[in-house]
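Peer 1: Input: one structure, supplied below.
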Amino acid sequence: MLSSNNFGDAYKRWQYFRQYDKFRKRQSKLIGETLKSLEAKNDLLTQKKQQKTMLLGTNEQQATLLTVEKQNKDQLLLELKVEETRLSSTLQNQNKQNAQMNIVIERLIAAEIEIKRKAAEARARRAREEADRLAREKERIKKRDEARQLKEKPDKIVEELPASNKPKSDLVITESAENLALSSEFRQNKGKLPPPATGVIVRDFGRQRVLDKVTTINNGIDIRTENGAEVRAVFSGTVLVVSSISGLGNVVLIQHGNYYTVYSNLSAVFVKKGEAVSTRQSIGRAGVNTVTKEPEIHFEVWLEKTHLNPTQWIAR
């Protein structure tokens with residue numbers, strides 16, 4: 001402005017510089033606002049980038065976790081299939097062992113029935129022989145008395161009496177009185193027998209589906225109990241068999257007249273063959289089931305060669 005030729009020229013220059021200063025201030029302010037806006041946008045872009053990076057990391061982590069989870073599931077399925085195959089094989093073996101036990105028990109019961117039949121025939125034969133002997137003795141005494149009467153009264157006409165028919169016994173004795181009484185007592189206690197062991201029934205009587213392709217037929221019931229729990233006779237009787245069957249542990253068969261009870265998977269036995277036992281008498285201890293790895297016993301009730309449902313006989 002000092003180089004102006006006159007005041008008017010200086011004033012114009014002053015106005016110009018003033019407007020220019022205002023323009024620069026506006027530009028500076030605009031630039032500042034623009035910079036702030038750009039910085040904000042940059043911060044936002046940075047945040048979004050970080051979020052995308054984190055999300056990408058999370059997705060990768062989730063993908064890794066899903067891969068690991070799938071691998072674990074595949075491994076578990078493989079293990080389950082292996083276990084199912086093992087269990088199926090074990091159950092099939094157990095079915096064979098149960099069938100073996102049934103054959104043994106059926107043979108023993110059949111042998112016992114045959115013994116009782118022969119004993120009944122012997123009793124019937126002795127009864128017939130005794131009846132014949134008594135008839136002959138009666139006839140002999142009668143003839144002796146008739147001969148004495150003829151000798152004492154020779155002139156008396158004696159009417160000949162028709163010979164008496166020999167008494168014949170048509171009775172077929174099939175059971176001893178003791179067996180009949182014991183069978184009757186056992187039958188009358190249906191639904192009242194004490195359980196053979198304290199515990200819960202884990203497998204019922206009859207056909208059981210264990211796996212999709214594996215079905216077992218349970219001729220008794222399986223009771224889960226405690227380690228080393230006492231096993232007791234459910235009724236008085238006579239020990240017919242004490243045996244050991246692979247996979248089924250020790251087996252005890254007790255006769256109650258025409259009825260029989262079976263106790264298997266025993267780790268120890270306290271009775272011997274031919275021993276008389278009473279109701280609730282301890283006959284052994286529970287063993288561990290080879291499949292479930294739990295302390296269990298197997299219990300059956302038979303009427304001669306017929307399987308009965310034990311749950312209908314023991315008190316609940």
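Each chain in the structure tokens gets a letter, A, B and so on, in the order shown; residues start at 1 in every chain, and ligands are counted from 1 in the order they appear.
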Sort by chain and increasing residue number a table of all residues of range 25-135 of chain A within 12 Å of range 218-238 of chain A, each with its closest pair of atoms and their distance in Å to one decimal, counting only C-alpha atoms, and write it as a Markdown table.

Peer 2:
```
| residue | atom | partner | partner_atom | distance |
| --- | --- | --- | --- | --- |
| A:Leu91 | CA | A:Asn218 | CA | 11.7 |
| A:Gln94 | CA | A:Asn218 | CA | 10.7 |
| A:Asn95 | CA | A:Asn218 | CA | 8.9 |
| A:Lys96 | CA | A:Asn218 | CA | 12.0 |
| A:Gln97 | CA | A:Asn218 | CA | 11.9 |
| A:Asn98 | CA | A:Asn218 | CA | 8.5 |
| A:Ala99 | CA | A:Asn219 | CA | 9.6 |
| A:Met101 | CA | A:Asn219 | CA | 10.5 |
| A:Asn102 | CA | A:Asn219 | CA | 8.6 |
| A:Ile105 | CA | A:Asn219 | CA | 11.8 |
```

Peer 1: Need to verify the contact set: Ala110 in chain A, 8 Å, only C-alpha atoms, exclusion of same-chain residues closer than 3 positions in sequence. Can you return it as a PDB file with N, CA and C atoms, in the first residue's frame?

Peer 2:
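Generated file (selection.pdb):
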```
ATOM      1  N   GLU A 106     -31.542-127.366  31.465  1.00  0.00           N
ATOM      2  CA  GLU A 106     -32.599-128.236  30.952  1.00  0.00           C
ATOM      3  C   GLU A 106     -32.220-129.704  31.111  1.00  0.00           C
ATOM      4  N   ARG A 107     -30.948-130.016  30.842  1.00  0.00           N
ATOM      5  CA  ARG A 107     -30.496-131.404  30.998  1.00  0.00           C
ATOM      6  C   ARG A 107     -30.568-131.830  32.458  1.00  0.00           C
ATOM      7  N   ILE A 113     -36.132-134.847  36.642  1.00  0.00           N
ATOM      8  CA  ILE A 113     -37.492-135.337  36.377  1.00  0.00           C
ATOM      9  C   ILE A 113     -37.475-136.840  36.139  1.00  0.00           C
ATOM     10  N   GLU A 114     -36.456-137.322  35.417  1.00  0.00           N
ATOM     11  CA  GLU A 114     -36.335-138.756  35.166  1.00  0.00           C
ATOM     12  C   GLU A 114     -36.089-139.516  36.465  1.00  0.00           C
ATOM     13  N   GLU A 304     -40.358-126.986  36.039  1.00  0.00           N
ATOM     14  CA  GLU A 304     -39.784-128.082  35.273  1.00  0.00           C
ATOM     15  C   GLU A 304     -38.990-127.506  34.088  1.00  0.00           C
ATOM     16  N   LYS A 305     -39.445-127.675  32.825  1.00  0.00           N
ATOM     17  CA  LYS A 305     -38.653-127.190  31.686  1.00  0.00           C
ATOM     18  C   LYS A 305     -39.159-125.864  31.123  1.00  0.00           C
TER      19      LYS A 305
END
```

Peer 1: Check the DSSP output for the backbone and give back, as a PyMOL selection string, the residues of range 94-315 of chain A in strand (DSSP E or B).

Peer 2: chain A and resi 193+200-203+206-211+214-218+221-224+230-232+237-245+249-256+259-269+276-277+282-288+295-303+306-308+314

Peer 1: One number please: CA of Leu303 in chain A to CA of Ile283 in chain A, in Å, one decimal.

Peer 2: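 Value for the CA of Leu303 in chain A-CA of Ile283 in chain A distance: 21.0 Å.
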
Peer 1: Interatomic distance between CA of Asn250 in chain A and CA of Ala268 in chain A?

Peer 2: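 Separating CA of Asn250 in chain A from CA of Ala268 in chain A is a distance of 7.0 Å.
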
Peer 1: Could you check which of A:Gln19, A:Thr46, A:Thr215, A:Thr290 is closest to Leu248 in chain A, using only C-alpha atoms?

Peer 2: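 Between A:Gln19, A:Thr46, A:Thr215, A:Thr290, the residue approaching Leu248 in chain A most closely is A:Thr290.
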
Peer 1: Excluding range 252-264 of chain A and its own-chain neighbours fewer than 4 positions away, which residues fall within 8 Å of it when counting only C-alpha atoms? Please give them as a list in words.

Peer 2: Ile105, Glu178, Asn179, Leu180, Ala181, Leu182, Ser183, Phe186, Phe235, Ser236, Gly237, Thr238, Val239, Leu240, Val241, Val242, Ser243, Leu248, Val269, Ile297, His298, Phe299, Glu300, Val301, Trp302, Leu303 and Glu304 of chain A

Peer 1: How many Å lie between CA of Leu56 in chain A and CA of Lys73 in chain A, rounded to one decimal?

Peer 2: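 Answer for the CA of Leu56 in chain A to CA of Lys73 in chain A separation: 25.0 Å.
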
Peer 1: When you count only C-alpha atoms, which of these residues is closest to Gln281 in chain A: A:Pro194, A:Pro295, A:Arg209, A:Gly199?

Peer 2: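 Going through A:Pro194, A:Pro295, A:Arg209, A:Gly199 one by one, the smallest distance to Gln281 in chain A is for A:Pro194.
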